[in-house]
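Q: Questions regarding the structure given below will be posed in turn.
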Amino acid sequence: QGIIPTDTKMNITLKSNRTQGTVELHLMTSNYSVIRAVVIFAEHLFEGEACMLHPVPPSNNVIVQISPAKDVQTTMTIKALAGLSASSVQYHVFESVYVMPKFAMYHAIDEHQLPKKPEGYCQFELTKRPNWVWSWLQKSFINLEEQMPQPRGADRSVVLDANFISLRTGEPLCISMSSEQGGMMTIRTDDIEDAGELIQDLCGFLQVTELESTANFPEEMEKFKQVLLRVDEYNAVRLKLTAEMADSANLVKALIVKAEDYRMLSDMTHLKKVFAGLQQTNGDLIAEYNKRSNNHQQLLTQLKEVNMMIQKAAKLRV
């Protein structure tokens, strides 16, 4: 029931689990002391921004599975209760602050382990030393070596080559740098949003204020073409519906004038016919309005997609 040794330390590491598709937070005591409970406070990682774990039975090594929905650098406040044994009544609380890198959901792999080579890429000149780029990779990703490995490919101009696979989607990501033109950086991925986030984070780390890039994302552009075609379709339908509604509105006006004439002439038979036609036209107008409203919502949805694509493409440069 005693107190844990005074030299007890809490070691915290992050590892990627490709099988589970998650990032694992490992908490381990430096001796035989066991961890009774773990509380983690962090934004964007957990529902309610907090997570509590009770290992059963208590162990000196606890693994917390984390699967963030978005790539965001997060500061975790970790509190762990450690005791001498599972039956301890006195516990020591270890408090730690641990930063989860922005791109922790990417698992580092060798080039030969890539399931495929991404077709999409973004290329730009970067007159920075490869070691600085490797420092950024170490800060933004996990499980990378301290020393920058030498590229193993046949291309001698390549000075940096890092390959990853997304734990969320299983899609590959390749980041390379060659010595051409003083430094040419290439980011290969089929997701234009991921490429933009990587470029913005890299330029922020290296304090690059201006950057021009050349990009080609065949899959994304094919989807974008379909969006633009739908925008044209919905816009054509909108113009047609507007014209039809204008015709119906003019018909309503004419019928109201006719009805007033028949009322003044006390011609009830024709008055009833006019009102029946008016009711029918009014029903048609309401139906046309509902069609136009649905079309307008669909058009707005597609225009939002266009706007999002413009924002994604804008992030490919600084």
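Lettering and numbering for the structure tokens are positional, with chains as A, B, ... in the shown order, residues counted from 1 in each chain, and ligands counted from 1 in the shown order.
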Please return as a PyMOL selection string: the residues of stretch 2-245 of chain A that backbone DSSP assigns to strand (DSSP E or B).

A: chain A and resi 10-17+22-29+34-41+50-53+59+61-66+74-83+92-100+106-109+121-125+158-166+172-178+184-188+213-216

Q: Residues within 8 Å of A:Arg292, please, as a list in words. Count only C-alpha atoms; anything in the same chain fewer than 4 positions from it doesn't count.

A: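 In the requested form, the answer reads Arg238, Leu241, Thr242, Glu288 and His296 of chain A.
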
Q: Choose the residue, out of A:Thr13, A:Ile187, A:Gln181, A:Gly120, that has the smallest atom-to-atom separation from A:Glu219; count only C-alpha atoms.

A: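 Counting only C-alpha atoms, the residue closest to A:Glu219 is A:Gly120.
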
Q: Measure the distance from atom CA of A:Ser88 to atom CA of A:Met76 in Å and round it to one decimal.

A: 27.0 Å
